[in-house]
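Student: Once you've had a glance at the structure underneath, I'll fire off some questions.
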Amino acid sequence: MFVDPAESPILTKATLIVTQVHRTVASLEQMADNWGHDFKFSPIRESQVSRAMTRRYFKDLDTYAESDIVIVGAGSCGLSTAYMLGKARPDLKIAIIEAGVAPGGGAWLGGQLFSAMVMRKPADAFLADLGVPYEDEGDFVVVKHAALFTSTLLSKVLSFPNIKLFNATAVEDLITRPTANGGVRVAGVVTNWTLVSMHHDDQSCMDPNTINAPIVISTTGHDGPFGAFSVKRLVSMQQIEKLGGMRGLDMNSAEDAIVTKTREVIPGLIVGGMELSEVDGANRMGPTFGAMALSGVKAAEEALKVFEE
Ligand code: AHZ
């Protein structure tokens, strides 16, 4: 049967894509004709580059100074949280603050510098939703390279128009407000360039910046130079008595515990991922990442309850 392409939306779309591909190939071919002789980029003045970057960055700082949700830490849990939130609520302003230059935390490799990433079922549902291919090994699945998971997740998160990642920026403190019952709620974060945060001991007068938000989701990983940041601050703020401290490795109990315990630890502060193991004294799971993805899904659901009320 002959189908007129103009009559079929699928064929029309396919024709469009093919045309775009042809155009790109054609222009690359033209470019190749000029290698070595008069190759020319379009002209630019240096200040245009500077303004193109800084104008956008400062507009973002202005826009996200009042956010709906701040996610602290762009590891596997924080990025999974952001992905679910971005999909569910394009109307919310979501800022991600990541101390490192490179977002992704420990999820660029599967474990001990090996490439493959293991996720136990049912976390395969998250991979399927994301569109990351995997090999099915029965009770668990394997992504051929952890970087495929992290780069796919990152590219989807960064494509949401309502999510802004501020990397090379550290959360140095939490904004707090007193509650009616004499407690404390978290109402935002205090930020600084990470390089500045690392030099408070040898430089003075480097006051921070702030972001107000009714919900902060902290996913800063287990204790380390930056890790477990928010929950350690809760102890010094006397909002929790002491940390349980991450326990030894037990994959089975650790992953279940992290997902089960993902919650609002004090009003306004949801904690997910390995940061939680420090609060609750949960085991670590080592190189299995299903709990990070599903803790992110649960953290997003906990946050959305606030905006649905
Ligand atoms: O740079 C940190 C990392 O990218 C970032 N971060 C930490 N403190 C911060 C702060 N401000 C801004 N104060 C901060 N950013 O948080 C990110 C945490 O990522 P992660 O991969 O370390 O944590 P996760 O909980 O998403 O994933 C844990 C992965 C692990 S650890 C582990 C084990 O040790 O057994 N097993 C798994 C699966």
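Residues in the structure tokens are named by chain (A, B, ... in the order shown) and by number from 1 within that chain; ligands are numbered from 1 in the order shown.
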Can you list, as an MDAnalysis selection string, every protein, DNA or RNA residue that comes within 7 Å of segment 111-121 of chain A when you count only C-alpha atoms, leaving out same-chain residues fewer than 2 positions away?

Tutor: chainID A and resid 109 123:124 139:146 287:290

Student: Produce as a ChimeraX atom specification the set of residues near ligand 1, where near means within 7 Å with only C-alpha atoms and all ligand atoms considered.

Tutor: /A:72-78,97-100,103-107,169-172,219-222,226-229,249,272-275,284-289,292

Student: Measure the distance from atom CA of Ala299 of chain A to atom CA of Pro267 of chain A in Å and round it to one decimal.

Tutor: 13.7 Å

Student: For a quick check of understanding, using only C-alpha atoms, which of A:Asn34, A:Trp193, A:Leu304, A:Ala180 has the smallest distance to Asp68 of chain A?

Tutor: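 Looking only at the distances to Asp68 of chain A, the closest residue turns out to be A:Leu304.
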
Student: Output as a PyMOL selection string all residues of segment 89-143 of chain A that backbone DSSP marks as alpha helix (DSSP H).

Tutor: chain A and resi 124-130

Student: What would the file look like if the residues just selected were written as a PDB file, in the first residue's frame with N, CA, C and O atoms?

Tutor:
```pdb
ATOM      1  N   ASP A 124      15.960  -1.722  37.860  1.00  0.00           N
ATOM      2  CA  ASP A 124      15.983  -1.754  36.389  1.00  0.00           C
ATOM      3  C   ASP A 124      14.870  -0.877  35.808  1.00  0.00           C
ATOM      4  O   ASP A 124      14.999  -0.350  34.699  1.00  0.00           O
ATOM      5  N   ALA A 125      13.795  -0.689  36.591  1.00  0.00           N
ATOM      6  CA  ALA A 125      12.685   0.160  36.121  1.00  0.00           C
ATOM      7  C   ALA A 125      13.159   1.595  35.896  1.00  0.00           C
ATOM      8  O   ALA A 125      12.704   2.283  34.973  1.00  0.00           O
ATOM      9  N   PHE A 126      14.094   2.044  36.742  1.00  0.00           N
ATOM     10  CA  PHE A 126      14.617   3.405  36.586  1.00  0.00           C
ATOM     11  C   PHE A 126      15.437   3.514  35.301  1.00  0.00           C
ATOM     12  O   PHE A 126      15.316   4.483  34.549  1.00  0.00           O
ATOM     13  N   LEU A 127      16.247   2.492  35.045  1.00  0.00           N
ATOM     14  CA  LEU A 127      17.061   2.497  33.809  1.00  0.00           C
ATOM     15  C   LEU A 127      16.163   2.488  32.578  1.00  0.00           C
ATOM     16  O   LEU A 127      16.432   3.173  31.587  1.00  0.00           O
ATOM     17  N   ALA A 128      15.092   1.686  32.643  1.00  0.00           N
ATOM     18  CA  ALA A 128      14.170   1.591  31.501  1.00  0.00           C
ATOM     19  C   ALA A 128      13.518   2.959  31.256  1.00  0.00           C
ATOM     20  O   ALA A 128      13.400   3.413  30.111  1.00  0.00           O
ATOM     21  N   ASP A 129      13.115   3.619  32.334  1.00  0.00           N
ATOM     22  CA  ASP A 129      12.487   4.933  32.215  1.00  0.00           C
ATOM     23  C   ASP A 129      13.465   5.944  31.598  1.00  0.00           C
ATOM     24  O   ASP A 129      13.090   6.761  30.744  1.00  0.00           O
ATOM     25  N   LEU A 130      14.718   5.831  32.008  1.00  0.00           N
ATOM     26  CA  LEU A 130      15.753   6.756  31.546  1.00  0.00           C
ATOM     27  C   LEU A 130      16.182   6.453  30.107  1.00  0.00           C
ATOM     28  O   LEU A 130      16.689   7.323  29.398  1.00  0.00           O
TER      29      LEU A 130
END
```

Student: Between atom CA of Pro208 of chain A and atom CA of Ala168 of chain A, measure the distance and give it in Å to one decimal.

Tutor: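 Rounded to one decimal, the two atoms are 13.8 Å apart.
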